[in-house]
Amino acid sequence: MRRASTRMACGLAAALSLGFAALPALAQETTSRIDGADTAWMISATTLVLMMTIPGLALFYCGMVRKKNVLATMAQSVACTALCSLLWFAIGYSLSFIGDAPWLGTFERLFLRGIDMEATSAFAPTIPELLYVVYQMAFAIFTVALIAGAVADRMRFSAFLWFAAGWLIFVYVPIAHWVWGGGFLASAGALDFAGGTVVQLNAGIAGLIAAYVLGKRHGYGSDNFAPHDLSLAVIGMGMLWIGWLGFAGGSALGANARAAFAITATHLAASAGALSWMLLEWWTRRKPSVLGLITGAVAGLATITPASGFVLPWHGVIIGVIGGAICFCACTWVKGRLGYDDSLDVFGVHGVGGAAGTILTGVFAVAALSVSPDSPEGSSGLLEGNARQVLIQLYAVIAVLIWSGALTFVLLKAIEFFLPLRVSEQHEIEGLDLTQHGEAVQ
Amino acid sequence: MKLIIAIIKPFKLEDVRDALVAVGVQGMTASEVKGYGRQKGHTEIYRGAEYAVNFLPKIRIEVAVPADRVATVIEAIIASAKTGQIGDGKIFVTTIDQAVRIRTGETDADAL
């Protein structure tokens with residue numbers, strides 16, 4: 001008996017060692033197609049997108065708030081970068097981009113386990129998977145940081161941290177999966193190149209809901225809320241604009257002509273948006289403001305975001321003009337009429353711009369730009385005869401709007417059960433820098 | 001001894017300083033302040049939100065002089081700070097009880 005089992009054990013061990021010996025050969029057969037040029041560009045793009053949050057958005061926002069809240073506003077960008085990075089590493093990436101269930105990913109890449117030197121993602125086969133993880137992380141961080149603008153000047157820092165963590169997991173991750181991770185919107189054929197729905201509309205709606213839930217700032221409409229230092233905001237906008245070239249160009253996931261098309265359309269849209277807002281303001285207010293110029297540029301960027309890799313350069317100009325104009329109306333007339341206090345116009349610029357851009361993608365998409373092994377005919381839009389794409393885009397907008405709006409509301413109410421979302425009125429009057437952080441800009 | 005306090009338009013600071021040096025005043029203190037008189041403020045507009053700004057930037061100068069020099073100094077300030085437009089400012093004169101030079105301990109007239 002013992003001899004038989006020993007022989008079996010030896011035989012099993014021999015078989016296993018042969019098996020293991022064969023494995024490296026198997027690994028070599030499925031050689032990863034990691035391309036040096038693509039990887040180099042994507043590393044650069046990742047740093048550009050990260051720069052959009054720290055310090056791009058931090059500066060853009062802090063220049064527009066009052067002096068007593070400057071540091072607190074920047075703290076939101078920095079803290080959510082740190083917090084969301086760790087959460088993305090832990091479960092965010094896995095639940096967004098692994099697995100092909102329609103609603104949510106899987107836990108297969110929990111804490112990024114299983115990613116080795118040769119691993120690639122099915123969505124970006126020519127770059128290391130870890131690079132794809134970090135690139136997408138930069139997008140997630142930016143989206144959460146955007147929302148902070150809607151509740152500037154009044155949100156409790158601790159509540160914001162809980163909100164950032166919860167929102168990333170319950171709102172961003174599912175939507176990223178739906179649109180980019182092989183979920184139901186991707187299956188439906190929704191086009192979103194760099195995040196018109198996942199980033200812009202998502203953050204915009206969340207910002208609107210948060211602005212309503214938290215309520216207006218003390219003294220809104222009567223006190224002087226003039227920006228404390230718009231020069232900081234201009235610098236921040238510059239970083240956003242330049243970083244956006246990585247946001248869009250990197251969404252091509254390769255160092256190729258499509259990236260060049262995306263970058264060009266993005267840049268032209270920013271330019272057109274800036275001028276469009278400037279001219280509207282010049283006409284209605286008799287003076288072109290610097291705040292208008294920079295906001296118009298960002299509006300153009302937000303609007304072109306979903307379309308950048310699908311459209312031609314001249315489409316980018318038109319989309320930028322439309323984005324600048326629509327967002328100008330949203331931030332002035334609509335906001336005034338609806339009476340909500342979205343401190344830094346997250347909804348008016350990113351929400352409205354993202355939604356408009358997503359639908360315009362369905363209008364302008366050019367099939368030749370999106371030809372790939374997975375999609376040999378590319379994706380075309382209304383101008384090329386495919387009217388249905390506009391409806392698919394609208395479907396995506398509605399789906400994201402409903403999920404983001406509803407879950408943001410639920411999340412805020414859940415947090416409110418445990419701690420107040422706003423600082424006390426006295427602290428709001430004194431300023432968040434001193435009361436939340438014990439610091440002041442001298 | 002008298003303390004002359006002058007509120008002037010900010011861009012006039014150097015002109016006033018030159019004029020005071022010319023009449024023999026050896027020191028002054030300047031601070032940035034906000035204020036208004038008959039010169040109304042202005043409206044600023046930020047993305048559709050209008051704010052009325054009532055306080056305008058001004059410079060406040062303080063000069064301590066012996067009582068017999070007050071008239072000369074006031075004349076010098078008026079001549080250099082005046083533009084003829086609303087908002088030129090005002091001059092106030094108050095009495096100083098004591099003055100001390102910190103470095104040497106000199107008092108009153110010797111301290112000015």
# chains A, B, ... in the order shown; residues from 1 in each chain; ligands from 1
>>> select_by_dssp(residues="stretch 70-318 of chain A", states="helix (DSSP H, G or I)", output="PyMOL selection string")
chain A and resi 70-97+110-112+129-151+157-179+184-187+196-214+230-252+257-285+290-304+313-318
>>> closest_atom_pairs(of="chain B", to="chain A", cutoff="10 Å", atoms="only C-alpha atoms", output="tab-separated table")
residue	atom	partner	partner_atom	distance
B:Glu44	CA	A:Ala226	CA	7.8
B:Ile45	CA	A:Ala226	CA	8.3
B:Tyr46	CA	A:Leu291	CA	6.9
B:Arg47	CA	A:Thr332	CA	6.4
B:Gly48	CA	A:Thr332	CA	4.9
B:Ala49	CA	A:Thr332	CA	7.8
B:Glu50	CA	A:Asn224	CA	8.5
B:Tyr51	CA	A:Asn224	CA	5.6
B:Ala52	CA	A:Asn224	CA	7.3
B:Val53	CA	A:Asn224	CA	7.6
>>> write_last_selection(atoms="C-alpha atoms", output="short mmCIF file (atom, residue, chain, number, x, y, z; two decimals), in the first residue's frame")
data_model
loop_
_atom_site.label_atom_id
_atom_site.label_comp_id
_atom_site.auth_asym_id
_atom_site.auth_seq_id
_atom_site.Cartn_x
_atom_site.Cartn_y
_atom_site.Cartn_z
CA GLU B 44 -17.91 93.64 -10.42
CA ILE B 45 -19.42 90.77 -12.33
CA TYR B 46 -18.23 87.19 -12.04
CA ARG B 47 -19.96 84.68 -14.30
CA GLY B 48 -23.29 86.36 -13.94
CA ALA B 49 -23.01 87.14 -10.25
CA GLU B 50 -22.85 90.89 -9.59
CA TYR B 51 -21.18 92.35 -6.55
CA ALA B 52 -21.30 96.00 -5.50
CA VAL B 53 -17.88 97.00 -4.25
#
>>> atom_distance(atom1="atom CA of A:Ala307", atom2="atom CA of A:Val199")
13.1 Å
>>> atom_distance(atom1="atom CA of A:Asp433", atom2="atom CA of A:Leu71")
5.6 Å
>>> atom_distance(atom1="atom CA of A:Val151", atom2="atom CA of A:Gln76")
10.5 Å
>>> residues_around(residues="B:Thr72", least_positions_apart="5", cutoff="10 Å", atoms="only C-alpha atoms", output="PyMOL selection string")
chain B and resi 20+23-24+77
>>> write_last_selection(atoms="C-alpha atoms", output="PDB file, in the first residue's frame")
ATOM      1  CA  LEU B  20       6.964 116.195   1.992  1.00  0.00           C
ATOM      2  CA  VAL B  23       9.356 120.774   2.843  1.00  0.00           C
ATOM      3  CA  GLY B  24      11.642 119.067   5.296  1.00  0.00           C
ATOM      4  CA  ILE B  77       0.048 117.368   0.637  1.00  0.00           C
TER       5      ILE B  77
END
>>> closest_residue(among="A:Thr197, A:Thr53, A:Ser276, A:Ser94", to="A:Ile115", atoms="only C-alpha atoms")
A:Ser94
>>> residues_around(residues="stretch 59-67 of chain B", least_positions_apart="3", cutoff="6 Å", atoms="only C-alpha atoms", output="PDB file with N, CA and C atoms, in the first residue's frame")
ATOM      1  N   MET B   1       2.881 119.315  19.278  1.00  0.00           N
ATOM      2  CA  MET B   1       3.124 118.454  18.128  1.00  0.00           C
ATOM      3  C   MET B   1       1.796 118.004  17.566  1.00  0.00           C
ATOM      4  N   LYS B   2       1.749 117.830  16.284  1.00  0.00           N
ATOM      5  CA  LYS B   2       0.498 117.425  15.647  1.00  0.00           C
ATOM      6  C   LYS B   2       0.727 116.202  14.787  1.00  0.00           C
ATOM      7  N   LEU B   3      -0.283 115.347  14.699  1.00  0.00           N
ATOM      8  CA  LEU B   3      -0.254 114.204  13.799  1.00  0.00           C
ATOM      9  C   LEU B   3      -1.159 114.521  12.626  1.00  0.00           C
ATOM     10  N   ILE B   4      -0.591 114.568  11.443  1.00  0.00           N
ATOM     11  CA  ILE B   4      -1.395 114.820  10.244  1.00  0.00           C
ATOM     12  C   ILE B   4      -1.688 113.486   9.585  1.00  0.00           C
ATOM     13  N   ILE B   5      -2.989 113.200   9.452  1.00  0.00           N
ATOM     14  CA  ILE B   5      -3.411 111.952   8.808  1.00  0.00           C
ATOM     15  C   ILE B   5      -4.018 112.322   7.472  1.00  0.00           C
ATOM     16  N   ALA B   6      -3.481 111.766   6.402  1.00  0.00           N
ATOM     17  CA  ALA B   6      -4.018 112.066   5.069  1.00  0.00           C
ATOM     18  C   ALA B   6      -4.444 110.763   4.396  1.00  0.00           C
ATOM     19  N   ILE B   7      -5.675 110.747   3.875  1.00  0.00           N
ATOM     20  CA  ILE B   7      -6.141 109.615   3.079  1.00  0.00           C
ATOM     21  C   ILE B   7      -6.053 110.067   1.633  1.00  0.00           C
ATOM     22  N   ILE B   8      -5.260 109.350   0.849  1.00  0.00           N
ATOM     23  CA  ILE B   8      -5.048 109.795  -0.532  1.00  0.00           C
ATOM     24  C   ILE B   8      -5.261 108.642  -1.506  1.00  0.00           C
ATOM     25  N   PRO B  10      -4.091 105.890  -4.013  1.00  0.00           N
ATOM     26  CA  PRO B  10      -2.867 105.082  -3.933  1.00  0.00           C
ATOM     27  C   PRO B  10      -1.764 105.518  -4.896  1.00  0.00           C
ATOM     28  N   MET B  28       7.558 109.261   7.597  1.00  0.00           N
ATOM     29  CA  MET B  28       6.117 109.103   7.485  1.00  0.00           C
ATOM     30  C   MET B  28       5.777 107.621   7.573  1.00  0.00           C
ATOM     31  N   THR B  29       4.518 107.354   7.828  1.00  0.00           N
ATOM     32  CA  THR B  29       4.032 105.977   7.842  1.00  0.00           C
ATOM     33  C   THR B  29       2.915 105.885   6.819  1.00  0.00           C
ATOM     34  N   ALA B  30       2.955 104.855   5.990  1.00  0.00           N
ATOM     35  CA  ALA B  30       1.904 104.670   5.003  1.00  0.00           C
ATOM     36  C   ALA B  30       1.269 103.306   5.187  1.00  0.00           C
ATOM     37  N   SER B  31      -0.046 103.240   5.079  1.00  0.00           N
ATOM     38  CA  SER B  31      -0.719 101.947   5.159  1.00  0.00           C
ATOM     39  C   SER B  31      -1.791 101.862   4.084  1.00  0.00           C
ATOM     40  N   GLU B  32      -2.086 100.646   3.668  1.00  0.00           N
ATOM     41  CA  GLU B  32      -3.119 100.424   2.660  1.00  0.00           C
ATOM     42  C   GLU B  32      -4.450 100.261   3.378  1.00  0.00           C
ATOM     43  N   VAL B  33      -5.397 101.067   2.988  1.00  0.00           N
ATOM     44  CA  VAL B  33      -6.703 101.008   3.638  1.00  0.00           C
ATOM     45  C   VAL B  33      -7.780 100.976   2.563  1.00  0.00           C
ATOM     46  N   VAL B  70       2.451 122.745  10.591  1.00  0.00           N
ATOM     47  CA  VAL B  70       1.251 122.067  10.094  1.00  0.00           C
ATOM     48  C   VAL B  70       0.748 122.670   8.792  1.00  0.00           C
TER      49      VAL B  70
END
>>> closest_residue(among="A:Ser187, A:Gln393, A:Gln442, A:Ser343", to="A:Ala365", atoms="only C-alpha atoms")
A:Gln393
